[in-house]
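Data file: my_file_15.txt. Format and content: compact mmCIF, C-alpha atoms.
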# COMPACT_ATOMS: atom_id res chain seq x y z
CA MET A 3 -43.79 -21.74 -59.46
CA LYS A 4 -45.40 -20.94 -62.79
CA CYS A 5 -48.55 -22.61 -64.16
CA LYS A 6 -46.66 -24.36 -66.98
CA LYS A 7 -44.24 -25.98 -64.55
CA VAL A 8 -47.02 -26.85 -62.11
CA GLN A 9 -49.06 -28.55 -64.84
CA ARG A 10 -46.02 -30.56 -65.87
CA TYR A 11 -45.71 -31.92 -62.32
CA LEU A 12 -49.43 -32.55 -61.78
CA PRO A 13 -49.54 -36.16 -63.10
CA LEU A 14 -46.85 -37.10 -60.57
CA VAL A 15 -48.29 -35.02 -57.74
CA VAL A 16 -51.62 -36.90 -57.82
CA GLY A 17 -49.82 -40.17 -57.16
CA SER A 18 -47.30 -38.65 -54.70
CA ASP A 19 -44.48 -39.71 -57.00
CA ILE A 20 -42.18 -36.73 -56.49
CA SER A 21 -40.52 -35.20 -53.44
CA LYS A 22 -42.68 -33.92 -50.60
CA SER A 23 -41.30 -30.41 -50.95
CA LYS A 24 -42.30 -30.26 -54.62
CA ILE A 25 -45.73 -31.66 -53.83
CA SER A 26 -46.40 -28.99 -51.23
CA GLU A 27 -45.08 -26.32 -53.60
CA VAL A 28 -47.42 -27.48 -56.38
CA LYS A 29 -50.37 -27.81 -54.01
CA ALA A 30 -49.80 -24.31 -52.70
CA HIS A 31 -50.00 -23.00 -56.25
CA VAL A 32 -53.07 -25.11 -57.07
CA GLU A 33 -54.92 -23.61 -54.11
CA LYS A 34 -54.49 -20.15 -55.58
CA CYS A 35 -54.81 -20.81 -59.35
CA PRO A 36 -58.27 -21.91 -60.63
CA GLU A 37 -56.92 -23.16 -63.97
CA CYS A 38 -54.35 -25.41 -62.34
CA ARG A 39 -56.94 -26.45 -59.77
CA HIS A 40 -59.19 -27.62 -62.60
CA GLU A 41 -56.31 -29.60 -64.14
CA TYR A 42 -55.43 -31.09 -60.77
CA ASP A 43 -59.04 -32.19 -60.17
CA SER A 44 -59.15 -33.75 -63.62
CA TYR A 45 -56.07 -35.81 -62.83
CA VAL A 46 -57.43 -36.84 -59.44
CA LEU A 47 -60.70 -37.95 -61.00
CA SER A 48 -59.23 -39.82 -63.97
CA LEU A 49 -56.58 -41.56 -61.88
CA GLY A 50 -59.04 -42.38 -59.10
CA LYS A 51 -61.59 -43.88 -61.50
CA THR A 52 -58.96 -45.87 -63.38
CA LYS A 53 -57.46 -47.24 -60.17
CA GLU A 54 -60.93 -48.12 -58.91
CA TRP A 55 -61.67 -49.94 -62.14
CA LEU A 56 -58.34 -51.78 -62.08
CA ALA A 57 -59.01 -52.92 -58.50
CA LYS A 58 -62.59 -53.97 -59.22
CA GLU A 59 -62.02 -55.77 -62.49
CA ARG A 60 -59.40 -58.18 -61.26
CA GLU A 61 -59.31 -61.66 -62.72
CA ASP A 62 -58.20 -64.78 -60.87
CA TRP A 63 -57.34 -68.38 -61.69
CA GLU A 64 -59.69 -71.23 -61.06
CA ASP A 65 -57.92 -73.45 -58.53
CA ARG A 66 -57.84 -76.47 -60.84
CA GLU A 67 -56.50 -74.39 -63.68
CA TRP A 68 -53.81 -72.89 -61.47
CA GLN A 69 -52.70 -76.31 -60.23
CA GLN A 70 -52.49 -77.45 -63.83
CA VAL A 71 -50.35 -74.46 -64.85
CA VAL A 72 -47.97 -75.05 -61.95
CA LYS A 73 -47.77 -78.75 -62.79
CA ILE A 74 -46.85 -77.97 -66.40
CA ALA A 75 -44.23 -75.46 -65.23
CA ILE A 76 -42.57 -78.05 -63.01
CA GLY A 77 -42.80 -80.79 -65.64
CA ASP A 78 -40.56 -83.80 -65.22
CA LYS A 79 -37.39 -81.79 -64.88
CA GLU A 80 -35.74 -80.58 -61.73
CA PRO A 81 -34.93 -76.87 -61.53
CA GLU A 82 -31.53 -76.04 -62.93
CA LEU A 83 -28.73 -75.42 -60.50
CA SER A 84 -26.01 -72.85 -60.70
CA PRO A 85 -22.62 -74.29 -61.69
CA LEU A 86 -21.31 -72.66 -58.53
CA ALA A 87 -24.05 -74.03 -56.30
CA PRO A 88 -22.70 -75.47 -53.04
CA TRP A 89 -22.03 -79.19 -52.90
CA PRO A 90 -25.25 -80.46 -51.24
CA PHE A 91 -27.29 -78.88 -54.08
CA ARG A 92 -25.13 -79.93 -56.99
CA LYS A 93 -25.07 -83.61 -57.94
CA VAL A 94 -22.06 -83.23 -60.24
CA TRP A 95 -20.03 -82.03 -57.32
CA ALA A 96 -21.07 -85.08 -55.37
CA TYR A 97 -20.10 -87.41 -58.24
CA VAL A 98 -16.71 -85.73 -58.67
CA MET A 99 -16.02 -85.96 -54.95
CA MET A 100 -16.94 -89.65 -54.96
CA ALA A 101 -14.66 -90.34 -57.95
CA VAL A 102 -11.73 -88.54 -56.31
CA PHE A 103 -12.31 -90.47 -53.11
CA ALA A 104 -12.42 -93.77 -55.01
CA VAL A 105 -9.12 -93.03 -56.78
CA VAL A 106 -7.38 -91.99 -53.58
CA PHE A 107 -8.72 -95.02 -51.73
CA THR A 108 -7.56 -97.41 -54.48
CA PHE A 109 -4.02 -96.03 -54.72
CA PHE A 110 -3.22 -95.51 -51.08
CA VAL A 111 -5.26 -98.15 -49.28
CA ILE A 112 -5.98 -101.13 -51.58
CA ARG A 113 -3.08 -101.08 -54.11
CA PRO A 114 -0.02 -101.48 -51.76
CA GLY A 115 -1.20 -104.98 -50.88
CA PHE A 116 -1.05 -106.19 -54.48
CA TYR A 117 2.65 -105.76 -55.31
CA LYS A 118 5.77 -107.15 -53.72
CA GLU A 119 8.33 -105.14 -51.87
CA GLY A 120 11.04 -103.55 -54.06
CA VAL A 121 9.01 -103.61 -57.27
CA ILE A 122 7.94 -100.28 -58.67
CA PRO A 123 4.13 -100.13 -58.67
CA GLY A 124 2.65 -100.58 -62.12
CA THR A 125 5.79 -102.02 -63.79
CA ARG A 126 5.52 -105.59 -62.53
CA MET A 127 2.68 -106.72 -64.82
CA VAL A 128 4.23 -105.10 -67.92
CA ALA A 129 7.60 -106.79 -67.33
CA GLU A 130 5.94 -110.19 -66.91
CA SER A 131 3.96 -109.92 -70.14
CA GLN A 132 7.09 -108.78 -72.06
CA ALA A 133 9.07 -111.77 -70.78
CA LYS A 134 6.29 -114.12 -71.96
CA LEU A 135 6.36 -112.54 -75.41
CA PHE A 136 10.15 -113.02 -75.76
CA GLU A 137 9.78 -116.67 -74.72
CA SER A 138 7.26 -117.32 -77.50
CA PHE A 139 9.66 -115.88 -80.14
CA LYS A 140 12.64 -117.89 -78.89
CA ASP A 141 11.54 -121.26 -80.41
CA LYS A 142 10.68 -119.87 -83.86
CA PRO A 143 13.40 -119.97 -86.64
CA GLU A 144 14.81 -116.64 -87.73
CA GLN A 145 13.32 -115.33 -91.00
CA ASP A 146 16.02 -114.54 -93.64
CA ILE A 147 14.07 -114.10 -96.84
CA ILE A 148 10.97 -112.01 -97.53
CA SER A 149 8.91 -112.40 -100.69
CA MET A 150 6.62 -109.91 -102.40
CA THR A 151 4.10 -110.99 -105.07
CA MET A 152 2.31 -108.92 -107.69
CA VAL A 153 -0.54 -110.35 -109.84
CA SER A 154 -1.85 -108.48 -112.90
CA LYS A 155 -5.64 -108.15 -112.93
CA ASP A 156 -5.93 -108.15 -116.74
CA THR A 157 -3.45 -110.82 -117.82
CA GLY A 158 -3.09 -112.88 -114.63
CA LEU A 159 0.72 -112.51 -114.86
CA LYS A 160 2.41 -113.16 -111.52
CA ILE A 161 5.77 -111.65 -110.44
CA VAL A 162 7.47 -112.66 -107.21
CA TRP A 163 10.42 -110.75 -105.68
CA PHE A 164 12.66 -112.24 -103.00
CA PHE A 165 14.60 -110.02 -100.58
CA ASN A 166 17.18 -110.89 -97.90
CA LYS A 167 16.99 -109.56 -94.34
CA ASN A 168 18.86 -106.39 -95.46
CA PHE A 169 16.10 -105.89 -98.05
CA ASP A 170 18.49 -106.54 -100.98
CA LEU A 171 16.87 -108.22 -104.00
CA GLU A 172 17.85 -111.89 -104.06
CA ASP A 173 15.69 -113.29 -106.84
CA LYS A 174 12.77 -112.54 -109.17
CA LYS A 175 10.32 -115.01 -110.79
CA MET B 11 -40.65 -61.58 -43.10
CA TRP B 12 -42.22 -62.57 -46.41
CA MET B 13 -38.86 -62.14 -48.08
CA LYS B 14 -37.26 -64.57 -45.65
CA ASN B 15 -40.08 -67.05 -46.25
CA ASP B 16 -39.64 -66.74 -50.00
CA ASP B 17 -35.91 -67.41 -49.68
CA GLU B 18 -36.58 -70.48 -47.59
CA LEU B 19 -39.11 -71.78 -50.09
CA VAL B 20 -36.71 -71.18 -52.99
CA GLU B 21 -34.05 -73.17 -51.15
CA LYS B 22 -36.53 -76.00 -50.54
CA ILE B 23 -37.46 -76.13 -54.23
CA LEU B 24 -33.81 -76.23 -55.25
CA ARG B 25 -33.40 -79.21 -52.94
CA GLY B 26 -36.17 -80.95 -54.87
CA ASP B 27 -39.33 -80.07 -52.97
CA ASP B 28 -41.69 -79.28 -55.86
CA VAL B 29 -44.73 -78.78 -53.61
CA SER B 30 -43.14 -75.59 -52.31
CA PHE B 31 -43.21 -74.11 -55.81
CA GLU B 32 -46.96 -73.70 -55.70
CA ILE B 33 -46.82 -72.32 -52.14
CA LEU B 34 -44.17 -69.83 -53.23
CA LEU B 35 -46.21 -68.52 -56.15
CA ARG B 36 -49.67 -68.58 -54.57
CA PRO B 37 -49.58 -65.01 -53.17
CA TYR B 38 -48.64 -63.59 -56.57
CA ARG B 39 -50.81 -65.69 -58.87
CA GLN B 40 -53.54 -63.08 -59.20
CA GLY B 41 -51.10 -60.20 -59.60
CA ILE B 42 -49.12 -61.71 -62.47
CA LEU B 43 -52.31 -62.81 -64.22
CA ASN B 44 -53.79 -59.30 -64.03
CA MET B 45 -50.53 -57.73 -65.09
CA ALA B 46 -50.51 -59.83 -68.27
CA TYR B 47 -54.26 -59.41 -68.72
CA ARG B 48 -54.07 -55.59 -68.64
CA MET B 49 -51.28 -55.68 -71.17
CA THR B 50 -53.05 -57.99 -73.62
CA GLU B 51 -56.73 -57.33 -72.79
CA ASN B 52 -57.29 -61.02 -73.39
CA LEU B 53 -57.61 -63.47 -70.51
CA GLU B 54 -56.64 -66.55 -72.49
CA GLU B 55 -53.52 -64.86 -73.81
CA ALA B 56 -52.70 -63.64 -70.30
CA LYS B 57 -52.91 -67.21 -69.00
CA GLU B 58 -50.65 -68.36 -71.81
CA ILE B 59 -48.12 -65.68 -70.84
CA CYS B 60 -48.29 -66.72 -67.18
CA GLN B 61 -47.70 -70.33 -68.15
CA ASP B 62 -44.59 -69.29 -70.04
CA ALA B 63 -43.45 -67.10 -67.15
CA LEU B 64 -43.94 -69.92 -64.64
CA ILE B 65 -41.84 -72.28 -66.72
CA LYS B 66 -39.05 -69.68 -66.78
CA ILE B 67 -39.38 -69.01 -63.05
CA TYR B 68 -38.98 -72.70 -62.25
CA LYS B 69 -36.15 -73.20 -64.73
CA TYR B 70 -34.12 -70.20 -63.62
CA LEU B 71 -34.93 -70.29 -59.93
CA TYR B 72 -31.24 -70.74 -59.10
CA LYS B 73 -30.60 -67.29 -60.59
CA PHE B 74 -32.79 -65.63 -57.97
CA LYS B 75 -30.56 -63.81 -55.51
CA LYS B 76 -31.25 -64.41 -51.84
CA GLY B 77 -32.38 -61.35 -49.91
CA LYS B 78 -33.84 -59.67 -53.00
CA SER B 79 -37.59 -59.29 -53.54
CA PHE B 80 -39.01 -62.44 -55.08
CA LYS B 81 -42.17 -60.52 -56.00
CA ASN B 82 -40.19 -58.04 -58.10
CA TRP B 83 -38.29 -60.90 -59.73
CA ILE B 84 -41.38 -62.81 -60.85
CA TYR B 85 -43.04 -59.62 -62.09
CA LYS B 86 -39.92 -58.91 -64.10
CA ILE B 87 -40.13 -62.33 -65.73
CA THR B 88 -43.86 -61.88 -66.38
CA VAL B 89 -43.32 -58.45 -67.96
CA ASN B 90 -40.59 -59.86 -70.21
CA SER B 91 -42.78 -62.82 -71.17
CA THR B 92 -45.58 -60.38 -72.00
CA TYR B 93 -43.28 -58.31 -74.22
CA ASP B 94 -42.11 -61.49 -75.99
CA PHE B 95 -45.69 -62.56 -76.51
CA LEU B 96 -46.76 -59.15 -77.84
CA ARG B 97 -43.79 -59.05 -80.22
CA LYS B 98 -44.63 -62.48 -81.60
CA LYS B 99 -48.31 -61.57 -81.85
CA LYS B 100 -47.52 -58.35 -83.68
CA LYS B 101 -45.30 -60.23 -86.11
CA TYR B 102 -48.01 -62.86 -86.65
CA GLU B 103 -50.70 -60.25 -87.15
CA GLU B 104 -48.53 -58.40 -89.65
CA ILE B 105 -48.13 -61.61 -91.65
CA VAL B 106 -51.88 -62.33 -91.51
CA GLU B 107 -52.68 -58.73 -92.49
CA SER B 108 -50.28 -58.77 -95.41
CA GLN B 109 -51.75 -62.06 -96.61
CA LYS B 110 -55.28 -60.68 -96.25
CA SER B 111 -54.49 -57.51 -98.16
CA LEU B 112 -52.88 -59.58 -100.89
CA VAL B 113 -56.08 -61.56 -101.35
CA THR B 114 -58.80 -59.00 -100.78
CA GLY B 115 -57.04 -55.66 -100.81
CA ILE B 116 -57.26 -53.19 -97.92
CA ASN B 117 -60.73 -53.42 -96.49
CA HIS B 118 -62.03 -51.07 -93.80
CA ASP B 119 -65.40 -51.91 -92.39
CA PRO B 120 -66.71 -48.70 -90.75
CA GLU B 121 -69.83 -50.41 -89.42
CA LYS B 122 -67.80 -53.08 -87.64
CA GLN B 123 -65.37 -50.50 -86.30
CA LEU B 124 -68.23 -48.47 -84.86
CA LEU B 125 -69.71 -51.55 -83.24
CA ASN B 126 -66.37 -52.48 -81.71
CA LYS B 127 -65.97 -48.97 -80.40
CA GLU B 128 -69.31 -49.19 -78.66
CA ILE B 129 -68.49 -52.53 -77.12
CA LYS B 130 -65.11 -51.46 -75.85
CA ASP B 131 -65.06 -50.56 -72.24
CA LYS B 132 -64.42 -46.88 -71.68
CA ILE B 133 -61.54 -47.16 -69.33
CA LYS B 134 -60.12 -50.06 -71.26
CA ALA B 135 -60.00 -47.67 -74.19
CA CYS B 136 -57.99 -45.23 -72.09
CA LEU B 137 -55.39 -47.91 -71.41
CA GLN B 138 -55.30 -48.98 -75.02
CA ASN B 139 -54.02 -45.57 -76.00
CA LEU B 140 -50.86 -46.04 -74.00
CA GLY B 141 -47.59 -47.27 -75.43
CA PRO B 142 -46.30 -50.62 -74.11
CA LYS B 143 -43.78 -49.07 -71.73
CA GLU B 144 -46.24 -46.44 -70.47
CA LYS B 145 -48.87 -49.11 -69.99
CA THR B 146 -46.50 -51.40 -68.08
CA VAL B 147 -45.36 -48.59 -65.80
CA PHE B 148 -48.93 -47.47 -65.19
CA ILE B 149 -50.17 -50.98 -64.41
CA LEU B 150 -47.27 -51.72 -62.09
CA ARG B 151 -47.50 -48.42 -60.24
CA ASP B 152 -51.25 -47.72 -60.20
CA GLY B 153 -52.64 -51.21 -60.75
CA GLU B 154 -50.33 -53.39 -58.70
CA GLY B 155 -49.14 -50.73 -56.26
CA PHE B 156 -45.40 -51.00 -56.80
CA SER B 157 -43.28 -48.00 -55.84
CA ILE B 158 -41.27 -46.06 -58.42
CA LYS B 159 -38.09 -47.77 -57.22
CA GLU B 160 -39.61 -51.25 -57.41
CA THR B 161 -41.03 -50.52 -60.86
CA SER B 162 -37.61 -49.41 -62.07
CA GLU B 163 -36.12 -52.62 -60.66
CA ILE B 164 -38.71 -54.77 -62.42
CA LEU B 165 -38.28 -53.01 -65.75
CA GLY B 166 -34.54 -52.68 -65.43
CA CYS B 167 -34.55 -48.95 -66.10
CA SER B 168 -33.93 -45.76 -64.14
CA SER B 169 -36.43 -44.08 -61.79
CA VAL B 170 -36.36 -41.06 -64.09
CA SER B 171 -37.49 -43.19 -67.01
CA VAL B 172 -40.27 -44.70 -64.89
CA ARG B 173 -41.45 -41.22 -63.81
CA THR B 174 -41.39 -39.97 -67.41
CA ASN B 175 -43.46 -42.91 -68.64
CA LEU B 176 -45.83 -42.63 -65.71
CA LEU B 177 -46.30 -38.92 -66.34
CA ARG B 178 -47.11 -39.53 -70.01
CA ALA B 179 -49.46 -42.39 -69.18
CA ARG B 180 -51.41 -40.31 -66.66
CA GLN B 181 -51.56 -37.39 -69.07
CA LYS B 182 -52.97 -39.59 -71.84
CA ILE B 183 -55.48 -41.22 -69.50
CA LYS B 184 -56.64 -37.85 -68.27
CA THR B 185 -57.05 -36.56 -71.84
CA GLN B 186 -59.02 -39.67 -72.82
CA PHE B 187 -61.06 -39.40 -69.67
CA GLU B 188 -62.06 -35.83 -70.47
CA LYS B 189 -63.33 -37.04 -73.84
CA ILE B 190 -65.27 -39.93 -72.30
CA TYR B 191 -66.66 -38.11 -69.29
CA PRO B 192 -66.77 -34.45 -70.38
CA VAL B 193 -69.66 -33.48 -68.10
CA GLU B 194 -68.26 -35.10 -64.99
CA VAL B 195 -64.84 -33.60 -65.51
CA ARG B 196 -66.21 -30.16 -66.26
CA GLY B 197 -68.43 -30.52 -63.23
CA VAL B 198 -65.54 -30.63 -60.74
CA LYS B 199 -65.31 -27.52 -58.63
CA LYS B 200 -63.04 -24.79 -59.90
Using the file provided, produce a representation of the structure as structure tokens.
Amino acid sequence: MKCKKVQRYLPLVVGSDISKSKISEVKAHVEKCPECRHEYDSYVLSLGKTKEWLAKEREDWEDREWQQVVKIAIGDKEPELSPLAPWPFRKVWAYVMMAVFAVVFTFFVIRPGFYKEGVIPGTRMVAESQAKLFESFKDKPEQDIISMTMVSKDTGLKIVWFFNKNFDLEDKK
Amino acid sequence: MWMKNDDELVEKILRGDDVSFEILLRPYRQGILNMAYRMTENLEEAKEICQDALIKIYKYLYKFKKGKSFKNWIYKITVNSTYDFLRKKKKYEEIVESQKSLVTGINHDPEKQLLNKEIKDKIKACLQNLGPKEKTVFILRDGEGFSIKETSEILGCSSVSVRTNLLRARQKIKTQFEKIYPVEVRGVKK
């Protein structure tokens, strides 16, 4: 391996971040070449000192401050749930299941007791209300003539048209 | 084992046990804070980023896939929150700078710059020379001890990209280091 290639690998060799075979190849060269040895030592020193400094100068939270940060993060809300989350974790699923159950229960368990035999479910109430409506119309006289009135805003003139039940004009005043 | 515990805690939280949220995050609280701190070099800003990350973690907990590393997942969220924060900050600073230059014109204060340079920590200065991606990779790999594979998972990029950024970061740090500590570096045996 040539010096140029070795020096390109050196930053990764000092942290053992390339393959073992390459590391041993580079190290073998470094042992023989004073220039590369100097470069290698420089990397070892700079990386070692920086790592040492990073480890020594570590900051930490004050406990109270940390608790406060966590409390703010949680807030009043619950964590969001995936739309595909399994039923016990997803309230919507639970509500939908309850609604389906309620509908099924009403139609197949409670409802059969309400209508008489031979009547189609759901039609009985409609038929009864329609019959009542026809009864109320029965007593009223049939309407033969319809009138339509127009009043002028400016002059106050009033015109009245009379139509028969076929909507033919009968009279005009 | 820790992974199994994390999965169990996530399940508990999703069932409504909020106390487990703090228990779940406790082992990583220092790590995510330092990750954000190294990226911003400002503790208050780092805490702000962590707050944002924690809100996202809680909100999107259902998206966490069982059996995967929870540690990697929360670091991923923290890194993304940090990037968002830095983008907003950069935008804000650009606006402030443009407003300043409109009022007073471009003003360089060499005395102040020199003073700042003296105050700056030497190794901090090394890190400041790195690009955002290089810095993130370096902090994750050399600061937090993640492997190349884990780092690539967190950043959502290939191992090759991680290695390239790591290589550049270490090269830059070494170059800066030689400037800061010329005697020590020259003094190593040849």
What are the closest atom pairs, with distances in Å to one decimal, for each residue of chain A lying within 8 Å of chain B, using only C-alpha atoms, rows by chain and rising residue number, as a Markdown table?
| residue | atom | partner | partner_atom | distance |
| --- | --- | --- | --- | --- |
| A:Pro13 | CA | B:Leu177 | CA | 5.3 |
| A:Leu14 | CA | B:Leu177 | CA | 6.1 |
| A:Asp19 | CA | B:Ile158 | CA | 7.3 |
| A:Pro36 | CA | B:Lys200 | CA | 5.6 |
| A:Glu37 | CA | B:Lys200 | CA | 7.5 |
| A:Arg39 | CA | B:Lys200 | CA | 6.3 |
| A:His40 | CA | B:Lys200 | CA | 5.5 |
| A:Asp43 | CA | B:Val198 | CA | 6.7 |
| A:Ser44 | CA | B:Val195 | CA | 6.0 |
| A:Tyr45 | CA | B:Lys184 | CA | 5.8 |
| A:Leu47 | CA | B:Val195 | CA | 7.5 |
| A:Ser48 | CA | B:Lys184 | CA | 5.4 |
| A:Leu49 | CA | B:Arg180 | CA | 7.2 |
| A:Thr52 | CA | B:Ile133 | CA | 6.6 |
| A:Lys53 | CA | B:Asp152 | CA | 6.2 |
| A:Trp55 | CA | B:Ile133 | CA | 7.7 |
| A:Leu56 | CA | B:Gly153 | CA | 5.9 |
| A:Ala57 | CA | B:Gly153 | CA | 7.0 |
| A:Arg60 | CA | B:Asn44 | CA | 6.4 |
| A:Glu61 | CA | B:Asn44 | CA | 6.1 |
| A:Asp62 | CA | B:Gln40 | CA | 5.2 |
| A:Trp63 | CA | B:Gln40 | CA | 7.0 |
| A:Gln69 | CA | B:Glu32 | CA | 7.8 |
| A:Val71 | CA | B:Gln61 | CA | 5.9 |
| A:Val72 | CA | B:Glu32 | CA | 6.5 |
| A:Ile74 | CA | B:Ile65 | CA | 7.6 |
| A:Ala75 | CA | B:Ile65 | CA | 4.2 |
| A:Ile76 | CA | B:Tyr68 | CA | 6.5 |
| A:Glu80 | CA | B:Gly26 | CA | 6.9 |
| A:Pro81 | CA | B:Lys69 | CA | 5.0 |
| A:Glu82 | CA | B:Lys69 | CA | 5.7 |
| A:Leu83 | CA | B:Tyr72 | CA | 5.5 |
| A:Ser84 | CA | B:Tyr72 | CA | 5.9 |
| A:Phe91 | CA | B:Arg25 | CA | 6.2 |
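Atom pair atom CA of Leu12 of chain A / atom CA of Ala30 of chain A has a distance of 12.3 Å (rounded to one decimal).
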d(atom CA of Glu51 of chain B, atom CA of Val15 of chain A) in Å: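 Taking atom CA of Glu51 of chain B and atom CA of Val15 of chain A, their separation equals 28.2 Å.
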Please compute the atom CA of Glu144 of chain B-atom CA of Val172 of chain B distance, one decimal, in Å. 8.4 Å
Given the point (17.2, -114.8, -95.2) in the file's coordinates, find the residues that have an atom at most 7 Å from it, counting only C-alpha atoms, and give them as a PDB file with C-alpha atoms, in the coordinates of the input.
ATOM      1  CA  GLN A 145      13.320-115.330 -91.000  1.00  0.00           C
ATOM      2  CA  ASP A 146      16.020-114.540 -93.640  1.00  0.00           C
ATOM      3  CA  ILE A 147      14.070-114.100 -96.840  1.00  0.00           C
ATOM      4  CA  ASN A 166      17.180-110.890 -97.900  1.00  0.00           C
ATOM      5  CA  LYS A 167      16.990-109.560 -94.340  1.00  0.00           C
TER       6      LYS A 167
END
